Every structure is written in C-alpha cells, then in structure tokens.
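K.L.:
Dropping a structure here in structure tokens format, bear with me for questions.
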Amino acid sequence: LRVEWRRSRSEVEGWIWGRRSASSAAHQKVCVVGGGPAGFYTAQHLLKDVQVDIYERLPVPFGLVRFGVAPDHPEVKNVISTFTQTAHHARCCYYGNVNVGTDVSVEELREAYHAVVLSYGAEGNRSMGVPGEDLEGVYPAKDFVGWYNGLPSNRELNPGLDCETAVILGQGNVALDVARILLSPIDELKKTDITQRSLDALAQSQVRRVLIVGRRGPLQIAGTIKELREMVNLPDTKPEMVASEFEGMAEALKVIPRPRKRLTELMLKTAVDPPAEKERQRRQAASRSWGLRFLRSPLEVLAGPDGARVAGIRLAVNRLEGTGDGSVAVPTGEVETMDCGLVITSIGYKSLPIDPAVPFDPRKAIVPNSLGRVQQAAGLYCSGWLKTGPVGVIATTMNNSFDTAHSVVEDLTSGCLDATSAKPGSTGIGPLLDKRGVKPVSFSDWEKINQEERRRGAAQGKPREKLLDVEEMLKTVPLLGRGFLM
Amino acid sequence: MGLPPSSSPTGLRRAASQSSSDNKVTVHFVNRDGEKITAKGSPGDSLLDLVINEDLDFDGFGACEGTLACSTCHLVFSEEVYEKLGPVTDEEMDMLDLAYGLTDTSRLGCQVCLTRALEGMEARVPESVADIRQTQDITMGMTMK
C-alpha cells in the first residue's frame, strides 16, 4: 500500500528559514556534482543550511534510480518524490546537461562555490581481464541494464538474444536482476517502464536458460533474499541446480546470522528438497530454467566457428579456503567449459576519474577521503559510490550522503572552510557555460520531459516511455538554454 | 481531539471526522539522540503513517513510502511489545533482513499497525549506520537493487 507522502512541517520550516539565519544560509553556496541518489540526498541535508546547486551530465536526473533499478521494481523508485521535493526547495537549483570535467572543470567550480561535493558515482565496469572478453555477445551487466533502462549511451547495445543459454558471471543483485529480466514473461514486462526497444528484443529472445555463476560458494553469494525469491517464484521457469554443490550447507546453517540463514535456507529448499506435488507439476510445465553455479572463475571466453561470437566459456574450478564472508576462492587446477551464446559480466561497477585536479585512487577506484572530505583538497568532498566503492542499496547511499553533508556543514561552521568571503556560485558558472555553448536543463525543464515520457507511456499502458536520446530530450524543452535562473 | 463535554450540548455525539481522544493510541518513540517523542495515532494506522502524520523528524525514515522496498523504517521494540505486534510476513522479513542493527525484536514500521492493545508502547529508532568508517556492507554484500 502506498503511503501518502506529506512534507514534514518542521522540514518545511527548516527549509524556509534554515537552521541558521536566512541571510547567512543564502550566503553560503555549495555545488553537488551528480544528480543521482547520492547527489540528491547530499543536497537534501545541505539545504538545511546552505544554497545548493546540483550539476548533472544528462538532461534527466536521478542516476541509477532511473537507469539501474529494475523496471519491475517500481516501489524502489519512490525515493524520486523525495528528490523532487529537494529540487523544488527555494535554495536548490538543478542544472542538467552540464558535463563536469569537459563543460566546466572542478577547479572552476571550486572557485565559484564555498564547497564542492563529488557524487558522480561509478560509470565504468570492472572487467574480467580474460581473453575473449571483447567477443560479440559479451556484455557488462551495467550496459545490459542501461540498455533495458534507456540509458542513452547504451541505446545501441543491441544484445544478441538468439541463443538458448546465457551465462552471468557474478551473483549479486544486479546479476539476479539481469537473470529475471531475461526470463520474465513478456506480459509482465510490458506493464513496466522498460524501453519499448528492449521489450521488443526480449519478446523475440530465444534465451531459455540462464546460469548465474560465482567464484565462491552458496554461503558467499552477494545477492539478497528478495531477489532470489523472485527467481524461485518466476512464472514459467524452473530451477536447475546441482544438489551436490550444497553439501554441508545444513550444518553451516546452525551458526550464521538470520539474514544469511534465511537466504541459504531458500537456496537449499530450491536446490535440494523434493518439491510438493503442485510445485513439481509447475516445474515440469515450465519452458525456461535458471540455476546458480558455484566455485567457478572465468578463464577464457571461447568463440564459435566464426571466431567473432561467443560460443562458450572456460572456467576454473575453485575450492574455498576459510569460511564465511572472508573465505577465498583458490583454483584447484581443474577446468570446465560451459556452452553459451550470451555472457554477461556482473562483477562490479567502477568509478572513473573525471578531472585531473581531483585525487583518485586507481586501485580502489574511489576518491580518497575521510568521512567524505577529499584528502589534500580543502573544500572538496565526495558522497555515494564515488566515496565508498560501488556497494550498497539506496539506503546505504542515503546514510553515506548525509554523513558527507554533515562534514561539509561542520567545516563551514567551524571556519575550517572560508565561508566568509562571498562566492558567485552559479552567477560565476553561467557565463562560462554560455560562452561554451552549453545549454543547462532546469528542473522544470525535466518536468516537461517527464510529462512527455508519461504521455507516451500511457498510450502503451506503461508508466512511461523513456526518451532514449539526449537530443530528443533537449528538443522536448521549449526555450532551452534561457540561461541560468538565479 | 474532541470538544470538552461542558462546551457542547451534544457532547456525546461527535462528527465522524473528529476522533475522540479515546480512540487514539499513544506511542512513545525514542529517537537516535535518545529523546522520547510521544505521538498519537488511530487504530489501523501503521507506525510509518504515524511518523508522517505527526511530522516526526527521523532522518531518512520511510524512503520507499511503505512499499516494502527498503528498510529505513526499521524500529526496535521490547520483547513484551514485540509479542503483541502480530505475525511477520516473509516479504517483510526479507526487507527487515537488510536493516542495519537488526535485532530479534525488530520490525518495519510500515508493517506494524496500531491496535488498542498497544496503548503506551515504546518504539526505538535505531542507528542507521554505526560508524561511517564502516564502508563495507556488513551482513550481505549488496549492489543496486
């Protein structure tokens, strides 16, 4: 049941007057780079005290909430109403279609604002680093997800779905989402905000079997129970597990915390227990299957006779050293091959450096920081996955962003940051962008794009039909580039 | 709140939209600073409804708006109160399992509905993160849902 969200009275008062006097609040200006959940949650907290400008590369806001959360998980996207209220705050301004790093530099932002918070997330992929990774038919999960979620840069992915078996490397929630989207009945998907193009492609898909492969064992899978349960209950599918991979699990169950225990019990039940009669019949009638495979690491992606497309994957067989979360996969020397026509690597997103002026740790792929304060860079902060690495759900990012905002406010208040001299904020950046031919998209411009997407979706019985093209998004906005509104 | 009987000749009859204070259930929330905040809700309201309706300022509470898609309305109860809260569905348990600081007497506020039997109950809002330096996920490695 949806709960009517009402603005908290004290929050509204807080927004109008700020925790400190209105004049000093308006005086201090902070900019946030990245309009996804980290950016919006950081802004939400900062707005209690200061003026906040959010810069986002795409015309449209919301980052992974729009482009990462699965189309059949609409409730997870309810956070958008909170972000919308943040954007409407009198002291908040959203500037979409501005690429920090190319349209404007971080140095220029640091000159214009009292503090800059980098919240631009993780737009790159961890690669397997094995031969054959570049063959046709191999896709990073982030790109596959971006494709079905309408991310403009993945619009032309055109994944080949004309094979029977797909192998997904990785067993986190992204891997489970991909498996579920590959095998979901089209009648279910067509009611969601999945893009029409990908819906059409999935309707023609010949994929009938998805194997989700992990380096370690059942006790180490990174996915969570809700997503696993969705696979177990997926209509017209049956589980295809190898019971022997679960030997010894029942013993281990006795000593583990409840969340891991319930997840493992569900796996065991699905993999090992003989099903009740109704379930047995359901499985027998199913036309599609999915399974988890453990203790396998990719060695090489194998091409078919044409030498260009994937036809299989060679895997190292592992054993586990140690137990629990800290256990490590060690190769045994044994090797195995799986036939497949589609390989999706779901082994992690990765942050990328966007500006040489920003310290970046290439090994951890994060901006080095302490409590969100970027090391050796006064006035520079980070929040979200850029700060911690690409793990955690929206709530994790929320807390992480609140903490960074707290650090910023602390520094502004303590005098650690020079907040006494006036800074131009967007009045300093606007002319630069104008000169460079950059046309920022305001939040109310986004609302017009939003309206258009919803209108198109309504015609198809979907919540929205996303615009897939930055140019098309910009064309939807009348009088684009009126210049900065102060 | 109802009119005091002396000020109205029809003191016993109240408009349908006015709830008599007799019909309200008192809940004492303990926030993350240890402060006690008392609020009243109607039977059938969820604890999330109560937090929203009474404008209680708990940071980040109820992010998914009561749709069992997050764990930010996590509340902790005494054993005695917990027993009175009724059964937990698998669906709630699945999301509760992701909550930071999960206890045996934890529930999601959006799934707990007020009844008269809960009059005077206490609900603690737990910390959402113990130490912000704990950046690795603790019980489950999780990526974007």
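We name chains A, B, ... following the order of the structure tokens; residues begin at 1 in each chain, and ligands are numbered from 1 as shown.
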Report the residues of range 43-186 of chain A whose backbone DSSP state falls under alpha helix (DSSP H), written as a ChimeraX atom specification.

P.N.:
/A:43-46,63-67,79-88,106-112,141-148,173-183,186

K.L.:
Write the residues you've just listed into a file as a short mmCIF file (atom, residue, chain, number, x, y, z; two decimals), in the first residue's frame, and include C-alpha atoms for each of them.

P.N.:
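Listing of out-v3.cif after writing:
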data_model
loop_
_atom_site.label_atom_id
_atom_site.label_comp_id
_atom_site.auth_asym_id
_atom_site.auth_seq_id
_atom_site.Cartn_x
_atom_site.Cartn_y
_atom_site.Cartn_z
CA ALA A 43 21.66 18.20 -1.22
CA GLN A 44 18.68 17.36 0.99
CA HIS A 45 20.83 17.54 4.07
CA LEU A 46 22.86 20.57 2.99
CA GLY A 63 21.02 8.47 -11.94
CA LEU A 64 20.81 4.79 -11.06
CA VAL A 65 17.33 5.18 -9.63
CA ARG A 66 16.29 5.78 -13.22
CA PHE A 67 18.92 3.71 -15.04
CA VAL A 79 12.54 7.91 -3.47
CA ILE A 80 12.10 10.11 -6.54
CA SER A 81 9.31 12.01 -4.77
CA THR A 82 11.77 12.97 -2.02
CA PHE A 83 14.33 14.03 -4.64
CA THR A 84 11.68 16.07 -6.42
CA GLN A 85 10.83 17.90 -3.22
CA THR A 86 14.53 18.58 -2.69
CA ALA A 87 14.82 20.03 -6.19
CA HIS A 88 11.83 22.31 -5.52
CA VAL A 106 36.20 21.05 -10.97
CA GLU A 107 38.70 23.88 -10.39
CA GLU A 108 36.24 26.38 -11.85
CA LEU A 109 33.54 25.02 -9.55
CA ARG A 110 35.82 25.29 -6.55
CA GLU A 111 36.45 28.95 -7.35
CA ALA A 112 32.73 29.66 -7.66
CA ALA A 141 25.81 -6.10 -16.73
CA LYS A 142 25.85 -2.33 -16.26
CA ASP A 143 25.50 -1.88 -20.02
CA PHE A 144 22.80 -4.54 -20.33
CA VAL A 145 20.86 -2.93 -17.50
CA GLY A 146 21.45 0.50 -19.05
CA TRP A 147 20.09 -0.86 -22.32
CA TYR A 148 16.79 -2.06 -20.92
CA ASN A 173 21.52 -8.38 -7.06
CA VAL A 174 22.47 -6.92 -10.42
CA ALA A 175 23.11 -10.47 -11.71
CA LEU A 176 19.76 -11.61 -10.32
CA ASP A 177 18.00 -8.61 -11.90
CA VAL A 178 19.52 -9.45 -15.30
CA ALA A 179 18.50 -13.11 -14.99
CA ARG A 180 14.98 -12.11 -14.05
CA ILE A 181 14.60 -9.66 -16.93
CA LEU A 182 15.96 -12.26 -19.38
CA LEU A 183 13.41 -14.85 -18.25
CA ILE A 186 6.73 -10.52 -21.65
#

K.L.:
Using DSSP on the backbone, list every residue of range 87-188 of chain A that comes out as strand (DSSP E), and give them as a CSV table (one decimal) with all heavy atoms, in the first residue's frame.

P.N.:
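As a result, states.csv now contains:
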chain,number,residue,atom,x,y,z
A,92,CYS,N,17.5,25.4,-3.8
A,92,CYS,CA,18.2,24.4,-4.6
A,92,CYS,C,18.0,24.7,-6.1
A,92,CYS,O,16.9,25.0,-6.5
A,92,CYS,CB,17.6,23.0,-4.2
A,92,CYS,SG,18.4,21.6,-5.1
A,93,CYS,N,19.0,24.5,-6.9
A,93,CYS,CA,18.9,24.6,-8.3
A,93,CYS,C,19.5,23.4,-9.0
A,93,CYS,O,20.6,23.0,-8.6
A,93,CYS,CB,19.6,25.9,-8.8
A,93,CYS,SG,18.6,27.3,-9.0
A,94,TYR,N,18.8,22.9,-10.0
A,94,TYR,CA,19.3,21.8,-10.7
A,94,TYR,C,19.7,22.2,-12.1
A,94,TYR,O,19.0,23.0,-12.8
A,94,TYR,CB,18.2,20.7,-10.8
A,94,TYR,CG,18.4,19.6,-11.8
A,94,TYR,CD1,19.2,18.5,-11.4
A,94,TYR,CD2,17.9,19.6,-13.1
A,94,TYR,CE1,19.4,17.4,-12.3
A,94,TYR,CE2,18.2,18.6,-14.0
A,94,TYR,CZ,18.9,17.5,-13.6
A,94,TYR,OH,19.1,16.5,-14.5
A,95,TYR,N,20.9,21.8,-12.5
A,95,TYR,CA,21.4,22.1,-13.8
A,95,TYR,C,21.8,20.9,-14.6
A,95,TYR,O,22.9,20.3,-14.3
A,95,TYR,CB,22.6,23.1,-13.7
A,95,TYR,CG,22.3,24.4,-13.1
A,95,TYR,CD1,22.8,24.6,-11.8
A,95,TYR,CD2,21.5,25.3,-13.7
A,95,TYR,CE1,22.6,25.8,-11.1
A,95,TYR,CE2,21.2,26.5,-13.0
A,95,TYR,CZ,21.8,26.8,-11.8
A,95,TYR,OH,21.5,28.0,-11.1
A,115,ALA,N,32.0,25.2,-1.3
A,115,ALA,CA,32.4,23.7,-1.2
A,115,ALA,C,31.8,23.0,-2.4
A,115,ALA,O,30.8,23.4,-3.0
A,115,ALA,CB,31.9,23.1,0.1
A,116,VAL,N,32.5,22.0,-2.8
A,116,VAL,CA,32.1,21.1,-4.0
A,116,VAL,C,32.0,19.7,-3.5
A,116,VAL,O,33.0,19.2,-2.9
A,116,VAL,CB,33.1,21.3,-5.1
A,116,VAL,CG1,32.7,20.3,-6.3
A,116,VAL,CG2,33.1,22.7,-5.7
A,117,VAL,N,30.9,19.1,-3.7
A,117,VAL,CA,30.7,17.6,-3.4
A,117,VAL,C,30.6,16.8,-4.6
A,117,VAL,O,29.7,17.1,-5.5
A,117,VAL,CB,29.4,17.4,-2.5
A,117,VAL,CG1,29.4,15.9,-2.1
A,117,VAL,CG2,29.4,18.3,-1.3
A,118,LEU,N,31.5,15.9,-4.8
A,118,LEU,CA,31.5,15.0,-6.0
A,118,LEU,C,30.6,13.8,-5.7
A,118,LEU,O,30.9,13.0,-4.7
A,118,LEU,CB,32.9,14.6,-6.3
A,118,LEU,CG,33.9,15.7,-6.6
A,118,LEU,CD1,35.3,15.2,-6.7
A,118,LEU,CD2,33.5,16.5,-7.8
A,124,GLY,N,31.9,3.2,-14.8
A,124,GLY,CA,32.7,2.2,-15.5
A,124,GLY,C,32.4,0.8,-15.1
A,124,GLY,O,31.6,0.6,-14.1
A,125,ASN,N,33.1,-0.2,-15.7
A,125,ASN,CA,32.9,-1.6,-15.4
A,125,ASN,C,34.2,-2.2,-14.9
A,125,ASN,O,35.2,-1.9,-15.5
A,125,ASN,CB,32.5,-2.3,-16.6
A,125,ASN,CG,31.1,-1.9,-17.1
A,125,ASN,OD1,30.1,-2.1,-16.4
A,125,ASN,ND2,31.1,-1.4,-18.3
A,138,VAL,N,29.3,-10.6,-25.5
A,138,VAL,CA,29.8,-10.5,-24.1
A,138,VAL,C,29.5,-9.0,-23.7
A,138,VAL,O,29.9,-8.1,-24.4
A,138,VAL,CB,31.3,-10.7,-24.0
A,138,VAL,CG1,31.7,-10.6,-22.5
A,138,VAL,CG2,31.7,-12.1,-24.5
A,139,TYR,N,28.7,-8.9,-22.6
A,139,TYR,CA,28.3,-7.5,-22.2
A,139,TYR,C,28.5,-7.3,-20.7
A,139,TYR,O,28.2,-8.2,-19.9
A,139,TYR,CB,26.8,-7.3,-22.5
A,139,TYR,CG,26.5,-7.6,-24.0
A,139,TYR,CD1,25.9,-8.8,-24.3
A,139,TYR,CD2,26.7,-6.6,-25.0
A,139,TYR,CE1,25.6,-9.1,-25.6
A,139,TYR,CE2,26.4,-6.9,-26.3
A,139,TYR,CZ,25.9,-8.2,-26.6
A,139,TYR,OH,25.6,-8.4,-27.9
A,140,PRO,N,29.0,-6.2,-20.3
A,140,PRO,CA,29.0,-5.9,-18.9
A,140,PRO,C,27.5,-5.7,-18.4
A,140,PRO,O,26.7,-5.1,-19.2
A,140,PRO,CB,29.7,-4.6,-18.8
A,140,PRO,CG,30.4,-4.3,-20.1
A,140,PRO,CD,29.6,-5.1,-21.1
A,165,THR,N,21.3,-20.5,-24.2
A,165,THR,CA,21.9,-20.4,-22.8
A,165,THR,C,22.6,-19.1,-22.6
A,165,THR,O,23.5,-18.7,-23.5
A,165,THR,CB,22.8,-21.6,-22.5
A,165,THR,OG1,22.1,-22.8,-22.6
A,165,THR,CG2,23.4,-21.5,-21.1
A,166,ALA,N,22.4,-18.4,-21.5
A,166,ALA,CA,23.1,-17.2,-21.2
A,166,ALA,C,23.8,-17.5,-19.9
A,166,ALA,O,23.3,-18.2,-19.0
A,166,ALA,CB,22.2,-16.0,-21.0
A,167,VAL,N,25.1,-17.1,-19.8
A,167,VAL,CA,25.8,-17.2,-18.5
A,167,VAL,C,26.1,-15.9,-18.0
A,167,VAL,O,26.5,-15.0,-18.7
A,167,VAL,CB,27.2,-18.0,-18.8
A,167,VAL,CG1,28.1,-17.8,-17.6
A,167,VAL,CG2,26.9,-19.4,-19.1
A,168,ILE,N,25.8,-15.7,-16.7
A,168,ILE,CA,26.0,-14.4,-16.0
A,168,ILE,C,27.1,-14.7,-15.0
A,168,ILE,O,27.0,-15.6,-14.2
A,168,ILE,CB,24.8,-13.9,-15.3
A,168,ILE,CG1,23.6,-13.7,-16.3
A,168,ILE,CG2,25.1,-12.6,-14.5
A,168,ILE,CD1,22.3,-13.4,-15.6
A,169,LEU,N,28.2,-13.9,-15.1
A,169,LEU,CA,29.3,-14.1,-14.1
A,169,LEU,C,29.0,-13.1,-12.9
A,169,LEU,O,28.8,-11.9,-13.2
A,169,LEU,CB,30.7,-13.7,-14.7
A,169,LEU,CG,31.4,-14.7,-15.5
A,169,LEU,CD1,31.2,-16.1,-15.1
A,169,LEU,CD2,31.1,-14.6,-17.0

K.L.:
Please determine, counting only C-alpha atoms, which residue among A:Pro59, A:Pro305, A:Pro362, A:Gly326 has the shortest atom-to-atom distance to chain B.

P.N.:
A:Gly326

K.L.:
Write out as a ChimeraX atom specification the residues lying within 10 Å of Val104 in chain A, counting only C-alpha atoms and excluding same-chain residues fewer than 5 positions away.

P.N.:
/A:98-99,109,355,429,432-433,436,438

K.L.:
With a distance cut-off of 7 Å and only C-alpha atoms, select the neighbouring residues of range 93-98 of chain B, excluding the residue or stretch itself and same-chain residues fewer than 3 positions from it, and output the selection as a PyMOL selection string.

P.N.:
(chain A and resi 225-226+259) or (chain B and resi 68-71+88-90+107-108)

K.L.:
Using only C-alpha atoms, which residues sit within 6 Å of range 30-37 of chain A once same-chain residues fewer than 2 positions away are excluded, as a list in words?

P.N.:
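Counting only C-alpha atoms, the residues come to Gly39, Phe40, Tyr41, Val52, Asp53, Ile54, Tyr55, Glu56, Pro61, Phe62, Gly63, Tyr113, His114, Ala115, Val116, Val117, Leu118, Ser119 and Tyr120 of chain A.
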
K.L.:
Save out the residues we just selected, C-alpha atoms, as a PDB file, in the first residue's frame.

P.N.:
ATOM      1  CA  GLY A  39      23.700  13.943  -5.081  1.00  0.00           C
ATOM      2  CA  PHE A  40      20.085  14.415  -4.029  1.00  0.00           C
ATOM      3  CA  TYR A  41      20.489  13.031  -0.539  1.00  0.00           C
ATOM      4  CA  VAL A  52      22.852  24.049  -3.204  1.00  0.00           C
ATOM      5  CA  ASP A  53      23.315  23.735  -6.966  1.00  0.00           C
ATOM      6  CA  ILE A  54      23.219  20.231  -8.470  1.00  0.00           C
ATOM      7  CA  TYR A  55      25.041  19.644 -11.762  1.00  0.00           C
ATOM      8  CA  GLU A  56      24.157  16.554 -13.787  1.00  0.00           C
ATOM      9  CA  PRO A  61      18.092  13.487 -13.140  1.00  0.00           C
ATOM     10  CA  PHE A  62      18.092  10.543 -10.734  1.00  0.00           C
ATOM     11  CA  GLY A  63      21.021   8.472 -11.943  1.00  0.00           C
ATOM     12  CA  TYR A 113      31.458  27.768  -4.597  1.00  0.00           C
ATOM     13  CA  HIS A 114      32.391  27.507  -0.915  1.00  0.00           C
ATOM     14  CA  ALA A 115      32.408  23.734  -1.194  1.00  0.00           C
ATOM     15  CA  VAL A 116      32.089  21.143  -3.965  1.00  0.00           C
ATOM     16  CA  VAL A 117      30.706  17.646  -3.371  1.00  0.00           C
ATOM     17  CA  LEU A 118      31.501  14.991  -5.975  1.00  0.00           C
ATOM     18  CA  SER A 119      28.652  12.474  -6.202  1.00  0.00           C
ATOM     19  CA  TYR A 120      29.032  11.193  -9.721  1.00  0.00           C
TER      20      TYR A 120
END

K.L.:
Please provide the set of residues having any atom within 8 Å of range 41-49 of chain B, restricted to only C-alpha atoms, with same-chain residues fewer than 5 positions apart removed, written as a PyMOL selection string.

P.N.:
(chain A and resi 3) or (chain B and resi 23-27+62+66+73+109-116)

K.L.:
For those residues, write all heavy atoms to a file as an mmCIF file, in the first residue's frame.

P.N.:
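Saved to selection_16.cif:
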data_model
loop_
_atom_site.group_PDB
_atom_site.id
_atom_site.type_symbol
_atom_site.label_atom_id
_atom_site.label_comp_id
_atom_site.auth_asym_id
_atom_site.auth_seq_id
_atom_site.Cartn_x
_atom_site.Cartn_y
_atom_site.Cartn_z
ATOM 1 N N VAL A 3 1.902 4.905 0.825
ATOM 2 C CA VAL A 3 1.591 5.859 1.888
ATOM 3 C C VAL A 3 1.668 7.253 1.289
ATOM 4 O O VAL A 3 2.605 7.573 0.594
ATOM 5 C CB VAL A 3 2.604 5.704 3.032
ATOM 6 C CG1 VAL A 3 2.482 6.839 4.020
ATOM 7 C CG2 VAL A 3 2.412 4.357 3.724
ATOM 8 N N ASN B 23 -10.159 7.186 21.158
ATOM 9 C CA ASN B 23 -9.918 6.283 20.058
ATOM 10 C C ASN B 23 -8.456 6.272 19.615
ATOM 11 O O ASN B 23 -8.084 5.563 18.711
ATOM 12 C CB ASN B 23 -10.815 6.699 18.874
ATOM 13 C CG ASN B 23 -11.006 5.560 17.911
ATOM 14 O OD1 ASN B 23 -10.984 4.402 18.302
ATOM 15 N ND2 ASN B 23 -11.169 5.893 16.650
ATOM 16 N N LYS B 24 -7.625 7.096 20.243
ATOM 17 C CA LYS B 24 -6.244 7.197 19.803
ATOM 18 C C LYS B 24 -5.362 6.243 20.603
ATOM 19 O O LYS B 24 -5.672 5.900 21.743
ATOM 20 C CB LYS B 24 -5.731 8.626 20.012
ATOM 21 C CG LYS B 24 -6.400 9.654 19.141
ATOM 22 C CD LYS B 24 -5.904 9.604 17.710
ATOM 23 C CE LYS B 24 -6.147 10.910 16.996
ATOM 24 N NZ LYS B 24 -5.661 10.879 15.628
ATOM 25 N N VAL B 25 -4.285 5.861 19.973
ATOM 26 C CA VAL B 25 -3.302 5.011 20.638
ATOM 27 C C VAL B 25 -2.030 5.820 20.804
ATOM 28 O O VAL B 25 -1.522 6.404 19.842
ATOM 29 C CB VAL B 25 -3.027 3.745 19.791
ATOM 30 C CG1 VAL B 25 -1.975 2.872 20.460
ATOM 31 C CG2 VAL B 25 -4.322 2.978 19.538
ATOM 32 N N THR B 26 -1.518 5.849 22.018
ATOM 33 C CA THR B 26 -0.298 6.619 22.283
ATOM 34 C C THR B 26 0.930 5.772 22.030
ATOM 35 O O THR B 26 1.005 4.616 22.483
ATOM 36 C CB THR B 26 -0.275 7.086 23.756
ATOM 37 O OG1 THR B 26 -1.491 7.773 24.013
ATOM 38 C CG2 THR B 26 0.915 7.994 24.015
ATOM 39 N N VAL B 27 1.881 6.332 21.314
ATOM 40 C CA VAL B 27 3.146 5.644 21.041
ATOM 41 C C VAL B 27 4.278 6.556 21.484
ATOM 42 O O VAL B 27 4.271 7.755 21.193
ATOM 43 C CB VAL B 27 3.294 5.346 19.532
ATOM 44 C CG1 VAL B 27 4.643 4.704 19.244
ATOM 45 C CG2 VAL B 27 2.159 4.456 19.045
ATOM 46 N N GLY B 62 11.450 5.864 6.125
ATOM 47 C CA GLY B 62 10.351 5.582 5.184
ATOM 48 C C GLY B 62 10.631 5.972 3.742
ATOM 49 O O GLY B 62 9.751 6.431 3.035
ATOM 50 N N GLY B 66 6.535 3.058 2.340
ATOM 51 C CA GLY B 66 5.705 1.978 2.866
ATOM 52 C C GLY B 66 5.413 0.861 1.887
ATOM 53 O O GLY B 66 4.413 0.162 2.016
ATOM 54 N N CYS B 73 12.478 2.201 7.686
ATOM 55 C CA CYS B 73 11.508 2.454 8.762
ATOM 56 C C CYS B 73 11.702 1.421 9.880
ATOM 57 O O CYS B 73 10.784 1.142 10.651
ATOM 58 C CB CYS B 73 10.071 2.438 8.226
ATOM 59 S SG CYS B 73 9.548 0.818 7.638
ATOM 60 N N GLY B 109 8.384 -0.357 10.446
ATOM 61 C CA GLY B 109 7.279 0.468 10.920
ATOM 62 C C GLY B 109 6.101 0.526 9.973
ATOM 63 O O GLY B 109 4.959 0.681 10.397
ATOM 64 N N CYS B 110 6.360 0.369 8.679
ATOM 65 C CA CYS B 110 5.259 0.465 7.710
ATOM 66 C C CYS B 110 4.349 -0.763 7.769
ATOM 67 O O CYS B 110 3.277 -0.754 7.181
ATOM 68 C CB CYS B 110 5.794 0.662 6.295
ATOM 69 S SG CYS B 110 6.722 -0.751 5.636
ATOM 70 N N GLN B 111 4.791 -1.804 8.469
ATOM 71 C CA GLN B 111 4.003 -3.036 8.514
ATOM 72 C C GLN B 111 3.356 -3.270 9.867
ATOM 73 O O GLN B 111 2.630 -4.251 10.054
ATOM 74 C CB GLN B 111 4.893 -4.250 8.177
ATOM 75 C CG GLN B 111 5.548 -4.172 6.814
ATOM 76 C CD GLN B 111 4.526 -4.061 5.697
ATOM 77 O OE1 GLN B 111 3.699 -4.936 5.515
ATOM 78 N NE2 GLN B 111 4.588 -2.958 4.945
ATOM 79 N N VAL B 112 3.649 -2.396 10.823
ATOM 80 C CA VAL B 112 3.070 -2.570 12.162
ATOM 81 C C VAL B 112 1.897 -1.620 12.298
ATOM 82 O O VAL B 112 2.059 -0.404 12.194
ATOM 83 C CB VAL B 112 4.116 -2.256 13.255
ATOM 84 C CG1 VAL B 112 3.468 -2.277 14.638
ATOM 85 C CG2 VAL B 112 5.276 -3.242 13.191
ATOM 86 N N CYS B 113 0.712 -2.164 12.534
ATOM 87 C CA CYS B 113 -0.491 -1.328 12.650
ATOM 88 C C CYS B 113 -0.926 -1.204 14.093
ATOM 89 O O CYS B 113 -0.847 -2.164 14.863
ATOM 90 C CB CYS B 113 -1.608 -1.892 11.787
ATOM 91 S SG CYS B 113 -1.235 -1.646 10.044
ATOM 92 N N LEU B 114 -1.399 -0.017 14.432
ATOM 93 C CA LEU B 114 -1.793 0.260 15.806
ATOM 94 C C LEU B 114 -3.072 -0.475 16.170
ATOM 95 O O LEU B 114 -4.006 -0.554 15.369
ATOM 96 C CB LEU B 114 -2.016 1.762 15.981
ATOM 97 C CG LEU B 114 -0.751 2.623 15.896
ATOM 98 C CD1 LEU B 114 -1.115 4.096 15.988
ATOM 99 C CD2 LEU B 114 0.231 2.248 16.984
ATOM 100 N N THR B 115 -3.105 -0.979 17.383
ATOM 101 C CA THR B 115 -4.333 -1.519 17.974
ATOM 102 C C THR B 115 -4.406 -0.969 19.395
ATOM 103 O O THR B 115 -3.404 -0.491 19.936
ATOM 104 C CB THR B 115 -4.301 -3.063 18.077
ATOM 105 O OG1 THR B 115 -3.232 -3.429 18.976
ATOM 106 C CG2 THR B 115 -4.068 -3.709 16.729
ATOM 107 N N ARG B 116 -5.593 -1.057 20.016
ATOM 108 C CA ARG B 116 -5.749 -0.561 21.388
ATOM 109 C C ARG B 116 -4.785 -1.247 22.342
ATOM 110 O O ARG B 116 -4.289 -0.639 23.287
ATOM 111 C CB ARG B 116 -7.178 -0.808 21.885
ATOM 112 C CG ARG B 116 -8.234 -0.147 21.073
ATOM 113 C CD ARG B 116 -8.383 1.343 21.423
ATOM 114 N NE ARG B 116 -9.449 1.910 20.647
ATOM 115 C CZ ARG B 116 -10.736 1.750 20.927
ATOM 116 N NH1 ARG B 116 -11.099 1.068 21.993
ATOM 117 N NH2 ARG B 116 -11.648 2.275 20.125
#

K.L.:
How many Å separate CA of Leu417 in chain A from CA of Leu371 in chain A?

P.N.:
15.5 Å
